[in-house]
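Enquirer: Quick one: structure below, then a few questions.
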Amino acid sequence: MDEVKEEGIGGISKWGKSPNQRRWVMIKKITRRKFLKGAVVGGVAIGSGLGGYRITYGQTKKPAGPIKIGGQGAISGAHADYGWQMMAGATLAIEEINAIGGILNQKLELKFMDEELKPATAVKNVRYLVTDWGADFLFGVDSSGSAMAIGPVLPEVNRLHFFCHAATHRLTEELVAGKGIKQIFRMVAPVYQDALAAWVFKDNPEIKRWAGINCDYEYGYVAWNLFKENIRKFRPDVEFVAAAWAPFWTMDFSSHISAVMAEKPDAIFSTPWAGEGVMLLRQALMLGVFDKIQAWWQGMGGSVDLLEGISREVAGDKFKGKLWATARYIHNYPPTPENKAFVEAFRKRWGKFPNYSAEASYSTVYAIKAGVEKAKSLETAKVGEALEGMELKTPGGVRLIRKEDHQAIYTVPAGRVIHSPDYPLPILGDLKVIPAKEYFRHPPFTPVAATK
């Protein structure tokens, strides 16, 4: 049995509760090799309790042990690849850092749990990771609903949480900039990225009539509303002729496609992602949509899983060069040594390409390293303050962690979905690189409608 001490929590400051109560947790020793074997080879992480707990209380200072990083994401169900990618990206970074001695001479340890895309589960996981497992830092989360549920809990558990997928603008705009919850950091581009279509198509006067096929929840509402708001600034002449809404887990999109095509749009703006996005695009092909429109925008169509799902259709030029997309990171941009090294290391370690969840998690671990080393401390407030305004070189480019809302600012291009002989899966080509400062929202923030 190893003895690992975890600090309790007490009086609230602007950074949350400070440690004035301590307890000892007796846990069984589980090696990193054993954990990762169970986590990765089995396709999921160990998400249950470690067992063998016995709690007593004392005032002895925490001995130098591993820095514990707790994560969660969807590692079951139809969206399980997103959670796996988070876990894989974080694992790679931890292995690299541990190989050179860790952070401040302390090795890193990872535990990853299944978020199940359920807010209640996500909150339960946060409490378990901090209170029972002793996490020093938290990361991950796929669902925006889960992110918004976790946010208000973070001052209580007083741990920095780095969000690596959940895209709602409200996480940083409302909870950080508005309510001052400083434990929240987001390392991935939010829903602003989906609205990049406005900049991509603003100089195409032949594309005037837009229709939307969007997710019937906050992500779809906000992406569509931000796109409309932004393209109107460039093109007051555009028309929005139809909108169809697909609930989560929709697999038959034929009625949605037929409804919007009845209005004869020039282009379609779409947000279903992962397997739903694949099904939507395949059904659009079967219904002859790409013979009738001039462009299709698939918000997160640059994600590896979606590109793999439509690889045969892209190789056969079924989309006729009309399919455009972006993502929160694409593996073939930027053309930097950092990104090249990351992609090569990820493929060597895992045998596949990284998506944006993997890159964001990988960059999160290195952000933790930079923050701890600058602060020379693991204390939440000191590390958080060290990260505010910091610029980090990451595979996805230089990230600026904006002080006002803790949003990482970095540029991700849009592009046409193409087949390339240099890659075993489709990529985004004909890249349109618009600086993030042009399409990211800036404080002070004005409200965005999160409704249809």
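Residues in the structure tokens are numbered from 1 in each chain, the chains being A, B, ... in the order shown, and ligands are numbered from 1 in the order shown.
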Could you pull the residues within 9 Å of Val130 in chain A, counting only C-alpha atoms, minus those fewer than 4 positions along the same chain, as a list in words?
Expert: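 Final neighbour list, sorted by chain and number: Glu6, Gly70, Asn125, Val126, Gly134, Ala135, Asp136, Phe137, Leu138, Val157, Asn158 and Arg159 of chain A.
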Enquirer: Per DSSP on the backbone, filter range 183-419 of chain A down to the residues in helix (DSSP H, G or I) and report them as a short mmCIF file (atom, residue, chain, number, x, y, z; two decimals) with N, CA and C atoms, in the first residue's frame.
Expert:
data_model
loop_
_atom_site.label_atom_id
_atom_site.label_comp_id
_atom_site.auth_asym_id
_atom_site.auth_seq_id
_atom_site.Cartn_x
_atom_site.Cartn_y
_atom_site.Cartn_z
N VAL A 191 -17.22 27.52 -30.52
CA VAL A 191 -18.16 27.53 -31.63
C VAL A 191 -17.88 28.66 -32.62
N TYR A 192 -17.05 29.62 -32.25
CA TYR A 192 -16.63 30.65 -33.21
C TYR A 192 -16.09 30.01 -34.48
N GLN A 193 -15.43 28.84 -34.31
CA GLN A 193 -14.78 28.19 -35.45
C GLN A 193 -15.78 27.78 -36.52
N ASP A 194 -16.94 27.32 -36.11
CA ASP A 194 -17.95 26.86 -37.08
C ASP A 194 -18.44 28.00 -37.96
N ALA A 195 -18.49 29.22 -37.38
CA ALA A 195 -18.97 30.38 -38.12
C ALA A 195 -17.94 30.94 -39.08
N LEU A 196 -16.75 30.31 -39.15
CA LEU A 196 -15.72 30.74 -40.09
C LEU A 196 -16.21 30.70 -41.53
N ALA A 197 -17.28 29.94 -41.77
CA ALA A 197 -17.86 29.88 -43.12
C ALA A 197 -18.18 31.26 -43.66
N ALA A 198 -18.52 32.21 -42.79
CA ALA A 198 -18.84 33.56 -43.25
C ALA A 198 -17.66 34.20 -43.96
N TRP A 199 -16.46 33.98 -43.45
CA TRP A 199 -15.26 34.54 -44.06
C TRP A 199 -14.87 33.76 -45.33
N VAL A 200 -15.14 32.46 -45.34
CA VAL A 200 -14.79 31.63 -46.49
C VAL A 200 -15.61 31.99 -47.71
N PHE A 201 -16.92 32.28 -47.52
CA PHE A 201 -17.82 32.47 -48.66
C PHE A 201 -18.25 33.92 -48.88
N GLU A 218 -27.95 23.37 -28.37
CA GLU A 218 -27.27 24.66 -28.32
C GLU A 218 -26.16 24.82 -29.36
N TYR A 219 -25.35 23.81 -29.54
CA TYR A 219 -24.25 23.92 -30.51
C TYR A 219 -24.77 24.31 -31.90
N GLY A 220 -25.80 23.61 -32.37
CA GLY A 220 -26.35 23.91 -33.68
C GLY A 220 -26.98 25.29 -33.76
N TYR A 221 -27.72 25.68 -32.70
CA TYR A 221 -28.37 26.98 -32.69
C TYR A 221 -27.34 28.12 -32.77
N VAL A 222 -26.32 28.03 -31.91
CA VAL A 222 -25.34 29.12 -31.84
C VAL A 222 -24.48 29.19 -33.10
N ALA A 223 -24.06 28.04 -33.61
CA ALA A 223 -23.24 28.03 -34.83
C ALA A 223 -23.99 28.68 -35.98
N TRP A 224 -25.26 28.32 -36.16
CA TRP A 224 -26.09 28.87 -37.24
C TRP A 224 -26.31 30.37 -37.03
N ASN A 225 -26.60 30.77 -35.80
CA ASN A 225 -26.85 32.19 -35.53
C ASN A 225 -25.59 33.04 -35.69
N LEU A 226 -24.44 32.51 -35.27
CA LEU A 226 -23.20 33.25 -35.46
C LEU A 226 -22.84 33.37 -36.94
N PHE A 227 -23.07 32.29 -37.69
CA PHE A 227 -22.82 32.36 -39.13
C PHE A 227 -23.69 33.42 -39.79
N LYS A 228 -24.98 33.42 -39.47
CA LYS A 228 -25.88 34.40 -40.07
C LYS A 228 -25.48 35.82 -39.68
N GLU A 229 -25.14 36.01 -38.42
CA GLU A 229 -24.75 37.34 -37.94
C GLU A 229 -23.50 37.84 -38.67
N ASN A 230 -22.53 36.97 -38.86
CA ASN A 230 -21.26 37.40 -39.46
C ASN A 230 -21.35 37.56 -40.97
N ILE A 231 -22.02 36.66 -41.66
CA ILE A 231 -22.05 36.80 -43.11
C ILE A 231 -22.90 38.00 -43.54
N ARG A 232 -23.88 38.38 -42.72
CA ARG A 232 -24.67 39.58 -43.02
C ARG A 232 -23.80 40.84 -43.02
N LYS A 233 -22.74 40.83 -42.20
CA LYS A 233 -21.85 41.99 -42.16
C LYS A 233 -21.12 42.16 -43.48
N PHE A 234 -20.77 41.05 -44.11
CA PHE A 234 -20.07 41.08 -45.39
C PHE A 234 -21.03 41.15 -46.58
N SER A 254 -33.10 12.05 -44.21
CA SER A 254 -33.77 12.25 -45.50
C SER A 254 -34.83 13.34 -45.44
N SER A 255 -35.58 13.40 -44.35
CA SER A 255 -36.63 14.43 -44.26
C SER A 255 -36.02 15.83 -44.10
N HIS A 256 -34.91 15.93 -43.38
CA HIS A 256 -34.25 17.22 -43.21
C HIS A 256 -33.69 17.72 -44.55
N ILE A 257 -33.08 16.80 -45.28
CA ILE A 257 -32.50 17.16 -46.57
C ILE A 257 -33.60 17.58 -47.55
N SER A 258 -34.67 16.81 -47.60
CA SER A 258 -35.76 17.11 -48.54
C SER A 258 -36.40 18.46 -48.21
N ALA A 259 -36.55 18.76 -46.93
CA ALA A 259 -37.19 20.01 -46.52
C ALA A 259 -36.39 21.23 -46.97
N VAL A 260 -35.08 21.20 -46.78
CA VAL A 260 -34.30 22.38 -47.16
C VAL A 260 -34.10 22.45 -48.68
N MET A 261 -33.97 21.31 -49.34
CA MET A 261 -33.76 21.33 -50.79
C MET A 261 -35.00 21.80 -51.53
N ALA A 274 -19.26 13.85 -36.10
CA ALA A 274 -18.92 12.43 -35.89
C ALA A 274 -19.74 11.55 -36.84
N GLY A 275 -20.25 10.43 -36.35
CA GLY A 275 -20.98 9.50 -37.21
C GLY A 275 -22.23 10.10 -37.81
N GLU A 276 -22.86 11.03 -37.11
CA GLU A 276 -24.05 11.68 -37.65
C GLU A 276 -23.70 12.51 -38.88
N GLY A 277 -22.54 13.18 -38.84
CA GLY A 277 -22.10 13.94 -40.00
C GLY A 277 -21.83 13.05 -41.20
N VAL A 278 -21.25 11.89 -40.95
CA VAL A 278 -20.98 10.93 -42.03
C VAL A 278 -22.30 10.48 -42.67
N MET A 279 -23.27 10.11 -41.84
CA MET A 279 -24.56 9.66 -42.36
C MET A 279 -25.26 10.75 -43.16
N LEU A 280 -25.21 11.98 -42.65
CA LEU A 280 -25.84 13.10 -43.36
C LEU A 280 -25.23 13.28 -44.74
N LEU A 281 -23.92 13.27 -44.83
CA LEU A 281 -23.27 13.50 -46.13
C LEU A 281 -23.53 12.36 -47.11
N ARG A 282 -23.51 11.14 -46.62
CA ARG A 282 -23.80 10.01 -47.51
C ARG A 282 -25.24 10.06 -48.03
N GLN A 283 -26.18 10.43 -47.17
CA GLN A 283 -27.57 10.51 -47.60
C GLN A 283 -27.79 11.69 -48.55
N ALA A 284 -27.05 12.78 -48.33
CA ALA A 284 -27.15 13.91 -49.26
C ALA A 284 -26.68 13.49 -50.65
N LEU A 285 -25.62 12.67 -50.70
CA LEU A 285 -25.15 12.17 -51.99
C LEU A 285 -26.22 11.31 -52.66
N MET A 286 -26.84 10.41 -51.91
CA MET A 286 -27.86 9.52 -52.47
C MET A 286 -29.05 10.30 -53.02
N VAL A 289 -27.97 15.82 -53.86
CA VAL A 289 -27.83 17.22 -53.41
C VAL A 289 -26.65 17.91 -54.07
N PHE A 290 -25.53 17.21 -54.22
CA PHE A 290 -24.33 17.86 -54.73
C PHE A 290 -24.39 18.13 -56.24
N ASP A 291 -25.46 17.65 -56.89
CA ASP A 291 -25.71 18.03 -58.28
C ASP A 291 -26.47 19.35 -58.38
N VAL A 304 -10.82 13.94 -37.97
CA VAL A 304 -10.31 12.70 -38.55
C VAL A 304 -11.39 11.64 -38.71
N ASP A 305 -12.24 11.48 -37.70
CA ASP A 305 -13.25 10.41 -37.76
C ASP A 305 -14.22 10.62 -38.90
N LEU A 306 -14.63 11.88 -39.12
CA LEU A 306 -15.57 12.15 -40.21
C LEU A 306 -14.88 11.96 -41.57
N LEU A 307 -13.65 12.44 -41.68
CA LEU A 307 -12.92 12.28 -42.95
C LEU A 307 -12.72 10.80 -43.28
N GLU A 308 -12.40 10.00 -42.27
CA GLU A 308 -12.26 8.56 -42.51
C GLU A 308 -13.57 7.95 -42.98
N GLY A 309 -14.69 8.44 -42.44
CA GLY A 309 -16.00 7.90 -42.77
C GLY A 309 -16.44 8.16 -44.20
N SER A 311 -14.14 8.63 -46.79
CA SER A 311 -12.91 8.54 -47.60
C SER A 311 -13.17 7.98 -49.00
N ARG A 312 -14.02 6.95 -49.11
CA ARG A 312 -14.29 6.38 -50.44
C ARG A 312 -15.02 7.38 -51.33
N GLU A 313 -15.94 8.11 -50.75
CA GLU A 313 -16.69 9.10 -51.53
C GLU A 313 -15.78 10.24 -52.00
N VAL A 314 -14.86 10.64 -51.15
CA VAL A 314 -13.92 11.71 -51.53
C VAL A 314 -12.98 11.21 -52.63
N ALA A 315 -12.47 10.00 -52.47
CA ALA A 315 -11.57 9.43 -53.48
C ALA A 315 -12.27 9.32 -54.83
N PRO A 337 7.54 22.67 -37.28
CA PRO A 337 8.23 21.51 -36.70
C PRO A 337 7.44 20.89 -35.54
N GLU A 338 6.78 21.75 -34.73
CA GLU A 338 6.03 21.24 -33.59
C GLU A 338 4.88 20.34 -34.03
N ASN A 339 4.16 20.77 -35.06
CA ASN A 339 3.03 19.96 -35.52
C ASN A 339 3.49 18.69 -36.22
N LYS A 340 4.53 18.80 -37.02
CA LYS A 340 5.05 17.61 -37.71
C LYS A 340 5.52 16.56 -36.70
N ALA A 341 6.24 17.02 -35.67
CA ALA A 341 6.74 16.08 -34.66
C ALA A 341 5.59 15.43 -33.89
N PHE A 342 4.56 16.23 -33.58
CA PHE A 342 3.40 15.69 -32.86
C PHE A 342 2.68 14.63 -33.67
N VAL A 343 2.38 14.93 -34.93
CA VAL A 343 1.65 13.98 -35.77
C VAL A 343 2.44 12.69 -35.94
N GLU A 344 3.75 12.81 -36.17
CA GLU A 344 4.58 11.63 -36.34
C GLU A 344 4.62 10.80 -35.05
N ALA A 345 4.76 11.47 -33.91
CA ALA A 345 4.80 10.75 -32.63
C ALA A 345 3.47 10.09 -32.32
N PHE A 346 2.37 10.78 -32.62
CA PHE A 346 1.04 10.23 -32.36
C PHE A 346 0.80 9.00 -33.23
N ARG A 347 1.15 9.10 -34.49
CA ARG A 347 0.94 7.96 -35.40
C ARG A 347 1.83 6.77 -35.00
N LYS A 348 3.04 7.06 -34.58
CA LYS A 348 3.93 5.98 -34.14
C LYS A 348 3.39 5.31 -32.89
N ARG A 349 2.85 6.11 -31.97
CA ARG A 349 2.36 5.57 -30.69
C ARG A 349 1.03 4.85 -30.83
N TRP A 350 0.13 5.41 -31.68
CA TRP A 350 -1.25 4.90 -31.71
C TRP A 350 -1.69 4.34 -33.06
N TYR A 356 -8.77 16.88 -33.25
CA TYR A 356 -8.57 18.09 -32.44
C TYR A 356 -8.63 17.81 -30.95
N SER A 357 -9.38 16.78 -30.53
CA SER A 357 -9.41 16.43 -29.12
C SER A 357 -8.05 15.96 -28.63
N ALA A 358 -7.36 15.20 -29.47
CA ALA A 358 -6.03 14.71 -29.11
C ALA A 358 -5.04 15.86 -29.02
N GLU A 359 -5.06 16.73 -30.00
CA GLU A 359 -4.11 17.85 -29.99
C GLU A 359 -4.36 18.78 -28.81
N ALA A 360 -5.63 19.06 -28.51
CA ALA A 360 -5.95 19.95 -27.40
C ALA A 360 -5.52 19.35 -26.06
N SER A 361 -5.70 18.03 -25.90
CA SER A 361 -5.29 17.37 -24.66
C SER A 361 -3.78 17.33 -24.53
N TYR A 362 -3.11 17.03 -25.63
CA TYR A 362 -1.64 17.05 -25.65
C TYR A 362 -1.13 18.44 -25.26
N SER A 363 -1.70 19.46 -25.87
CA SER A 363 -1.27 20.83 -25.57
C SER A 363 -1.63 21.24 -24.15
N THR A 364 -2.73 20.69 -23.63
CA THR A 364 -3.11 20.97 -22.24
C THR A 364 -2.04 20.51 -21.27
N VAL A 365 -1.54 19.31 -21.46
CA VAL A 365 -0.52 18.79 -20.53
C VAL A 365 0.73 19.67 -20.57
N TYR A 366 1.10 20.12 -21.77
CA TYR A 366 2.25 21.01 -21.86
C TYR A 366 1.95 22.40 -21.30
N ALA A 367 0.69 22.82 -21.37
CA ALA A 367 0.31 24.08 -20.72
C ALA A 367 0.43 23.96 -19.21
N ILE A 368 0.00 22.82 -18.66
CA ILE A 368 0.16 22.57 -17.23
C ILE A 368 1.64 22.65 -16.86
N LYS A 369 2.47 22.02 -17.67
CA LYS A 369 3.92 22.05 -17.43
C LYS A 369 4.44 23.49 -17.41
N ALA A 370 4.04 24.28 -18.41
CA ALA A 370 4.51 25.66 -18.48
C ALA A 370 4.03 26.49 -17.29
N GLY A 371 2.77 26.29 -16.91
CA GLY A 371 2.21 27.05 -15.80
C GLY A 371 2.85 26.70 -14.47
N VAL A 372 3.04 25.40 -14.22
CA VAL A 372 3.64 24.96 -12.96
C VAL A 372 5.09 25.43 -12.86
N GLU A 373 5.81 25.31 -13.96
CA GLU A 373 7.22 25.72 -13.94
C GLU A 373 7.38 27.23 -13.78
N LYS A 374 6.47 27.99 -14.38
CA LYS A 374 6.53 29.44 -14.19
C LYS A 374 6.16 29.82 -12.76
N ALA A 375 5.14 29.17 -12.22
CA ALA A 375 4.69 29.47 -10.86
C ALA A 375 5.58 28.85 -9.80
N THR A 380 -3.38 26.10 -7.18
CA THR A 380 -4.32 26.48 -8.24
C THR A 380 -4.20 27.95 -8.62
N ALA A 381 -4.25 28.84 -7.65
CA ALA A 381 -4.22 30.28 -7.93
C ALA A 381 -2.92 30.68 -8.61
N LYS A 382 -1.80 30.16 -8.14
CA LYS A 382 -0.51 30.55 -8.69
C LYS A 382 -0.33 30.05 -10.12
N VAL A 383 -0.74 28.82 -10.38
CA VAL A 383 -0.62 28.28 -11.74
C VAL A 383 -1.58 29.00 -12.67
N GLY A 384 -2.81 29.26 -12.21
CA GLY A 384 -3.77 29.98 -13.04
C GLY A 384 -3.27 31.36 -13.42
N GLU A 385 -2.73 32.09 -12.46
CA GLU A 385 -2.21 33.43 -12.72
C GLU A 385 -1.01 33.38 -13.66
N ALA A 386 -0.20 32.34 -13.54
CA ALA A 386 0.96 32.20 -14.43
C ALA A 386 0.53 31.98 -15.87
N LEU A 387 -0.59 31.30 -16.07
CA LEU A 387 -1.06 30.99 -17.43
C LEU A 387 -1.76 32.16 -18.10
#
Enquirer: Using only C-alpha atoms, which protein or nucleic acid residues come within 6 Å of range 415-420 of chain A? Drop anything in the same chain fewer than 6 positions from it, and give the result as a PyMOL selection string.
Expert: chain A and resi 315+323-325+426-432
Enquirer: Among range 112-313 of chain A, which residues does DSSP mark as strand (DSSP E) when it is run on the backbone? Keep the chain and numbering as in the structure and answer as a PyMOL selection string.
Expert: chain A and resi 112-114+137-140+161-163+184-186+209-215+239-246+267-270+295-298
Enquirer: Counting only C-alpha atoms, what is within 7 Å of Pro66 in chain A, bar same-chain residues fewer than 5 positions away, as an NGL selection string?
Expert: :A and (106-109)
Enquirer: How about saving the chosen residues, N, CA and C atoms kept, as a compact mmCIF listing (two decimals), in the first residue's frame?
Expert:
# COMPACT_ATOMS: atom_id res chain seq x y z
N GLN A 106 8.87 15.95 -10.55
CA GLN A 106 7.77 15.06 -10.18
C GLN A 106 7.18 14.46 -11.45
N LYS A 107 7.00 13.15 -11.45
CA LYS A 107 6.41 12.47 -12.59
C LYS A 107 4.90 12.76 -12.65
N LEU A 108 4.32 12.54 -13.81
CA LEU A 108 2.89 12.76 -14.03
C LEU A 108 2.15 11.43 -14.05
N GLU A 109 0.92 11.46 -13.58
CA GLU A 109 0.08 10.27 -13.55
C GLU A 109 -1.30 10.65 -14.09
Enquirer: In Å, how far is it from CA of Trp296 in chain A to CA of Thr250 in chain A?
Expert: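 According to the coordinates, CA of Trp296 in chain A and CA of Thr250 in chain A are separated by 19.2 Å.
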Enquirer: Just want the 6 Å neighbourhood of range 235-245 of chain A, counted on only C-alpha atoms, with same-chain residues fewer than 6 positions away dropped. Output as number ranges by chain.
Expert: A: 208-216, 256, 260
